[in-house]
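Asker: Starting off with a structure, shown below.
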Amino acid sequence: MSIKGNAFVFGKNIDTDQIYPGRYLELFEPADVAKHAMEGVNSEFTKQVQAGDVIVAATNFGCGSSREHAAITIKHSGVSVVVAESFARIFYRNCINLGVPLLVCPRVSEKVTEGDSVEVNLMTGEVKNLTQGVTLQGEALSAHAMAIIAAGGVKPMFKAKYGQ
Amino acid sequence: MHALEKILARAAGVPAVKAGEIVNAKVDLAEVNDLYLQVLKSFHEMGGTKVHDPNKVTFVLDHYAPAPTIQSAANQKAMREFVWDQGIPHLFDIDAGVCHQVMPEAGLVFPGMLLVATDSHTTTHGAFGAFGTGVGATDLACILLTGELWLRVPEVIKVELTGTLPHGVMAKDVVLHVLGKLKADAAAYKAVEYTGEVVKNLGMAERMVLCNMAVEMGAKTAYIAPDEVTRAYLEPRLGYYPVVPTTDSDYVYVAMHSFDVTDFEPQLAAPHSVDNLVGISEVAGIKVDQAFIGTCTGGRVEDIAVAAEILKGKKISQRTRLVIIPASREVFLTATKLGYVETLIEAGATFSTPGCGPCLGAHQGALAPGEVCVTASSRNFPGRMGSTQAEIYVASPAVCAASALEGKLADPRKYLCKEAATNEY
């Protein structure tokens, strides 16, 4: 499962208020939620992002609130994968549950510059910076997480098992 | 095993668990708040029609209490109708207060339980010896559907608090110091247990502050071993007292940290990160436009009491607003009966009804660009309480009250009587 796109690079402790500001929490339709992706840190993000682009960040990406809107807004903004040095746990769970690919990769924020072309292999955890010719080794997703992402998230899995 | 592991083992129906293991655990109580209509959407998208066990579910309408917009009103309406249709007995409507305050008050929280809520501050319930953890909407919908959730058994970090808490220094100052030193991701995926003589001498309100803020270190859950203080709070509310799981003497913590609080001055988190630690002496004098006392972190009777003590017979600065929002109806009633509400209104405070208030930047005291706020709530992320151009200092309610009085960040110790008794409400 290989994903290729151009990078948007963020620093450490990007919290869920920066990913999806609290004033929009009453929205729930994915198309509406997607209009405010990353607005708290880059108000131009939704105008700049192209389908397939990659978010790269330093440590503790997604810290703060439990809002699933943060995972929904990234998923529906066109971003194909989030690669960070570490993730906050609720955000991480939310992304897996919704089938949003993510990967932990040490020092990735130092080795990727905004706009670089990046290729991410979820199975092997390999992150290639095609622009700079650098390859980094990230942590491959667990089999449990990979199975959920491959199924498109937990909803299709649970629907098959429990839906009436 | 740690007491937290024993909780997960019991919930998973297995004799033992160990850190790193993934278990499928039966959830004793699942709570949904009014930010999360997505829970119902995900439930229906997964083909759900009937909640697995309505008695183990509660809805709390607290973040938008009362509804500030047509959309939030519509979301609350849909939630009430779901609760009524499903026969869910516990609905805390907009009159009740913040989920993490009203659930223990109502006798829904007990030592040894697994409590999962759509709110990151669910770590608060570790103060009662519960395993409390926050999840997103779809995880909660899975619980509605099956009664269970998969969880990774966390390692436990021990934080020992020794010495004597100085006059005018509160649990909030202590936890701001701890997370300022350990940093915002120190406990990611892990649990934090607080121990030591300082913890032993704290009332339930202050213990809840320590556990509440553990999530600002990334913690999955927090824990304080229940004792007689816990029992005195819970037993009258529960009408019984359960057998409390305890930590085995040979349990090995993944890390241990010790802090002597004896020489602490009031602590703050400066903009824009919860671990951007400063002492009041470093920032005193910075102009403040709004002070806020409230939320699941800083809206209990003890917090309102300290503000009333500082502001009794005085007037806040004419250029500063002081917004106070009691965490629950019970807190509001108690603070009213004790005269604190009158004292604070006379001093110039603006009261709103119980709920989360401006903590999430949606209503009841949002900040304008360029404004500075000092808050007894938990977070100072950019834009957290309104404009991303506003600056937020997280502090104790005492610092908030003293700062409202002076119109600038101020040390509360000079306004507090040294002999004042510490009361438990």
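Labels used: A, B, ... for chains in the order of the structure tokens, numbers from 1 for residues in each chain, and numbers from 1 for ligands as shown.
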At a cut-off of 7 Å, using only C-alpha atoms, what residues contact Glu193 of chain B? Leave out same-chain residues fewer than 6 positions from it and give the result as a ChimeraX atom specification.
Answerer: /B:156-159,222-224
Asker: Output N, CA, C and O atoms of each residue in that selection to a file, as an mmCIF file, in the first residue's frame.
Answerer:
data_model
loop_
_atom_site.group_PDB
_atom_site.id
_atom_site.type_symbol
_atom_site.label_atom_id
_atom_site.label_comp_id
_atom_site.auth_asym_id
_atom_site.auth_seq_id
_atom_site.Cartn_x
_atom_site.Cartn_y
_atom_site.Cartn_z
ATOM 1 N N VAL B 156 2.187 2.215 33.347
ATOM 2 C CA VAL B 156 1.805 3.244 34.326
ATOM 3 C C VAL B 156 3.032 4.040 34.778
ATOM 4 O O VAL B 156 4.064 3.462 35.129
ATOM 5 N N ILE B 157 2.906 5.356 34.730
ATOM 6 C CA ILE B 157 3.942 6.272 35.228
ATOM 7 C C ILE B 157 3.527 6.726 36.620
ATOM 8 O O ILE B 157 2.381 7.141 36.822
ATOM 9 N N LYS B 158 4.432 6.636 37.569
ATOM 10 C CA LYS B 158 4.118 7.070 38.938
ATOM 11 C C LYS B 158 4.652 8.476 39.160
ATOM 12 O O LYS B 158 5.826 8.756 38.916
ATOM 13 N N VAL B 159 3.774 9.362 39.615
ATOM 14 C CA VAL B 159 4.176 10.736 39.948
ATOM 15 C C VAL B 159 3.941 10.939 41.443
ATOM 16 O O VAL B 159 2.796 10.953 41.899
ATOM 17 N N ALA B 222 -5.774 8.232 34.240
ATOM 18 C CA ALA B 222 -5.041 8.652 35.428
ATOM 19 C C ALA B 222 -5.579 7.856 36.606
ATOM 20 O O ALA B 222 -6.628 7.205 36.498
ATOM 21 N N TYR B 223 -4.859 7.921 37.723
ATOM 22 C CA TYR B 223 -5.289 7.088 38.852
ATOM 23 C C TYR B 223 -4.775 7.656 40.166
ATOM 24 O O TYR B 223 -3.629 8.073 40.269
ATOM 25 N N ILE B 224 -5.659 7.656 41.159
ATOM 26 C CA ILE B 224 -5.269 7.907 42.547
ATOM 27 C C ILE B 224 -5.916 6.789 43.366
ATOM 28 O O ILE B 224 -7.131 6.558 43.246
#
Asker: Could you list, as a short mmCIF file (atom, residue, chain, number, x, y, z; two decimals) with C-alpha atoms, in the first residue's frame, every residue of chain A that has an atom within 7 Å of an atom of chain B, counting only C-alpha atoms?
Answerer:
data_model
loop_
_atom_site.label_atom_id
_atom_site.label_comp_id
_atom_site.auth_asym_id
_atom_site.auth_seq_id
_atom_site.Cartn_x
_atom_site.Cartn_y
_atom_site.Cartn_z
CA ASP A 17 -8.04 22.98 17.88
CA GLN A 18 -5.46 23.82 15.21
CA PRO A 21 -11.18 24.84 15.54
CA GLY A 22 -13.79 24.41 18.27
CA ARG A 23 -16.16 26.97 16.80
CA LEU A 25 -17.80 21.52 16.26
CA GLU A 26 -21.54 21.71 15.66
CA PHE A 28 -21.08 17.05 11.13
CA GLY A 40 -6.17 26.96 13.24
CA ASN A 60 2.39 14.63 19.44
CA CYS A 63 -3.08 16.23 20.97
CA GLY A 64 -5.93 17.82 22.90
CA SER A 65 -9.59 17.03 22.50
CA SER A 66 -11.23 13.79 21.43
CA ARG A 67 -13.09 15.42 18.53
CA GLU A 68 -13.42 13.00 15.64
CA ALA A 88 -1.72 11.61 20.44
CA ARG A 89 -3.71 8.48 21.22
CA ILE A 90 -7.33 9.51 20.68
CA ASN A 94 -9.98 8.06 15.39
CA ASN A 97 -11.34 3.86 12.89
CA LYS A 155 -17.76 1.10 10.13
CA PRO A 156 -17.82 -1.35 7.20
CA PHE A 158 -18.98 -3.55 12.19
CA LYS A 159 -21.77 -3.17 9.69
CA TYR A 162 -23.58 -6.41 13.65
CA GLY A 163 -25.73 -4.44 11.21
CA GLN A 164 -29.39 -5.39 11.02
#
Asker: Considering only alpha helix (DSSP H) as DSSP defines it on the backbone, what residues of segment 97-143 of chain A qualify? List them as a list of chain:residue names.
Answerer: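 Result set for segment 97-143 of chain A (alpha helix (DSSP H)): A:Asn97, A:Leu98, A:Val108, A:Ser109, A:Glu110, A:Lys111, A:Ala143.
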Asker: One decimal, in Å: what's the spacing between atom CA of Asp275 of chain B and atom CA of Leu210 of chain B?
Answerer: 14.5 Å
Asker: What does the structure give for the distance between atom CA of Phe45 of chain A and atom CA of Leu140 of chain B, in Å to one decimal?
Answerer: 29.7 Å
Asker: Report, in Å to a single decimal, how far apart atom CA of Met204 of chain B and atom CA of Ala404 of chain B are.
Answerer: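 Atom-to-atom, atom CA of Ala404 of chain B and atom CA of Met204 of chain B are spaced 26.4 Å apart.
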Asker: What lies within 10 Å of segment 84-88 of chain B using only C-alpha atoms, ignoring chain neighbours under 3 positions off, as a list in words?
Answerer: Thr49, Lys50, Val51, His52, Asp53, Pro54, Asn55, Lys56, Val57, Thr58, Phe59, Met79, Arg80, Glu81 and Leu91 of chain B
Asker: Which polymer residues have any atom within 7 Å of an atom of Val104 of chain A, counting only C-alpha atoms, with same-chain residues fewer than 6 positions away left out, as a CSV table (one decimal) with N, CA, C and O atoms, in the first residue's frame?
Answerer:
chain,number,residue,atom,x,y,z
A,83,VAL,N,2.0,11.6,8.3
A,83,VAL,CA,3.3,11.0,8.8
A,83,VAL,C,3.8,11.9,9.9
A,83,VAL,O,4.0,13.1,9.6
A,84,ALA,N,3.9,11.4,11.1
A,84,ALA,CA,4.4,12.2,12.2
A,84,ALA,C,5.4,11.5,13.0
A,84,ALA,O,5.5,10.2,13.0
A,85,GLU,N,6.2,12.2,13.9
A,85,GLU,CA,7.2,11.6,14.7
A,85,GLU,C,6.5,10.9,15.9
A,85,GLU,O,7.0,9.9,16.4
A,86,SER,N,5.3,11.4,16.3
A,86,SER,CA,4.4,10.6,17.2
A,86,SER,C,3.0,11.2,17.1
A,86,SER,O,2.9,12.4,16.6
A,138,GLY,N,10.1,4.3,8.9
A,138,GLY,CA,9.1,4.5,10.0
A,138,GLY,C,8.6,3.2,10.5
A,138,GLY,O,9.2,2.2,10.2
A,139,GLU,N,7.6,3.3,11.4
A,139,GLU,CA,7.1,2.1,12.0
A,139,GLU,C,5.9,1.6,11.3
A,139,GLU,O,4.9,2.3,11.2
Asker: Considering only C-alpha atoms, return as a PyMOL selection string whatever protein or nucleic-acid residues lie within 9 Å of Glu155 of chain B, sequence-local ones (same chain, fewer than 6 positions apart) excluded.
Answerer: chain B and resi 18-20+189-192+253-255
Asker: Could you please take those selected residues and save N, CA and C atoms as an mmCIF file, in the first residue's frame?
Answerer:
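Contents of selection-v8.cif, freshly written:
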data_model
loop_
_atom_site.group_PDB
_atom_site.id
_atom_site.type_symbol
_atom_site.label_atom_id
_atom_site.label_comp_id
_atom_site.auth_asym_id
_atom_site.auth_seq_id
_atom_site.Cartn_x
_atom_site.Cartn_y
_atom_site.Cartn_z
ATOM 1 N N LYS B 18 -1.417 -7.765 30.827
ATOM 2 C CA LYS B 18 -0.153 -7.045 31.027
ATOM 3 C C LYS B 18 -0.020 -5.921 30.005
ATOM 4 N N ALA B 19 0.816 -4.945 30.354
ATOM 5 C CA ALA B 19 0.984 -3.755 29.523
ATOM 6 C C ALA B 19 1.333 -4.142 28.089
ATOM 7 N N GLY B 20 0.719 -3.475 27.142
ATOM 8 C CA GLY B 20 0.983 -3.716 25.734
ATOM 9 C C GLY B 20 -0.023 -4.651 25.089
ATOM 10 N N TYR B 189 -0.192 7.315 25.443
ATOM 11 C CA TYR B 189 -0.567 5.888 25.476
ATOM 12 C C TYR B 189 -0.406 5.245 26.857
ATOM 13 N N LYS B 190 0.043 6.043 27.853
ATOM 14 C CA LYS B 190 0.307 5.478 29.186
ATOM 15 C C LYS B 190 -0.691 6.022 30.204
ATOM 16 N N ALA B 191 -0.628 5.456 31.420
ATOM 17 C CA ALA B 191 -1.443 5.958 32.521
ATOM 18 C C ALA B 191 -0.540 6.711 33.492
ATOM 19 N N VAL B 192 -1.140 7.638 34.230
ATOM 20 C CA VAL B 192 -0.396 8.395 35.246
ATOM 21 C C VAL B 192 -1.051 8.151 36.600
ATOM 22 N N TYR B 253 6.552 0.029 37.785
ATOM 23 C CA TYR B 253 6.151 1.207 37.003
ATOM 24 C C TYR B 253 7.126 1.414 35.846
ATOM 25 N N VAL B 254 6.628 1.964 34.748
ATOM 26 C CA VAL B 254 7.485 2.190 33.580
ATOM 27 C C VAL B 254 8.410 3.390 33.814
ATOM 28 N N ALA B 255 7.967 4.314 34.685
ATOM 29 C CA ALA B 255 8.798 5.470 35.055
ATOM 30 C C ALA B 255 8.284 6.022 36.370
#
Asker: What's the 9 Å shell around Gly125 of chain A, counting only C-alpha atoms, without same-chain residues fewer than 3 positions away, as a PyMOL selection string?
Answerer: chain A and resi 103-105+120-122+136-141
Asker: Determine, for each residue of segment 228-342 of chain B having at least one atom at most 6 Å from an atom of segment 369-373 of chain B, the closest pair of atoms and their separation in Å to one decimal, counting only C-alpha atoms; order by chain and ascending number, as a tab-separated table.
Answerer:
residue	atom	partner	partner_atom	distance
B:Val288	CA	B:Val372	CA	5.1
B:Asp289	CA	B:Val372	CA	5.4
B:Gln290	CA	B:Cys373	CA	4.7
B:Ala291	CA	B:Cys373	CA	5.5
Asker: Dump N, CA, C and O atoms for the selected residues as an mmCIF file, in the first residue's frame?
Answerer:
data_model
loop_
_atom_site.group_PDB
_atom_site.id
_atom_site.type_symbol
_atom_site.label_atom_id
_atom_site.label_comp_id
_atom_site.auth_asym_id
_atom_site.auth_seq_id
_atom_site.Cartn_x
_atom_site.Cartn_y
_atom_site.Cartn_z
ATOM 1 N N VAL B 288 -4.509 41.851 31.512
ATOM 2 C CA VAL B 288 -5.483 40.775 31.286
ATOM 3 C C VAL B 288 -6.833 41.369 30.892
ATOM 4 O O VAL B 288 -7.348 42.265 31.572
ATOM 5 N N ASP B 289 -7.405 40.907 29.778
ATOM 6 C CA ASP B 289 -8.727 41.378 29.343
ATOM 7 C C ASP B 289 -9.847 40.549 29.933
ATOM 8 O O ASP B 289 -10.936 41.056 30.180
ATOM 9 N N GLN B 290 -9.594 39.240 30.097
ATOM 10 C CA GLN B 290 -10.635 38.357 30.633
ATOM 11 C C GLN B 290 -10.024 37.301 31.534
ATOM 12 O O GLN B 290 -8.995 36.715 31.209
ATOM 13 N N ALA B 291 -10.686 37.083 32.675
ATOM 14 C CA ALA B 291 -10.331 35.945 33.527
ATOM 15 C C ALA B 291 -11.520 35.005 33.509
ATOM 16 O O ALA B 291 -12.677 35.441 33.486
#
Asker: Between A:Ile19, A:Ala34, A:Leu98, A:Leu130, which has the minimum distance to Gly5 of chain A (counting only C-alpha atoms)?
Answerer: A:Leu130
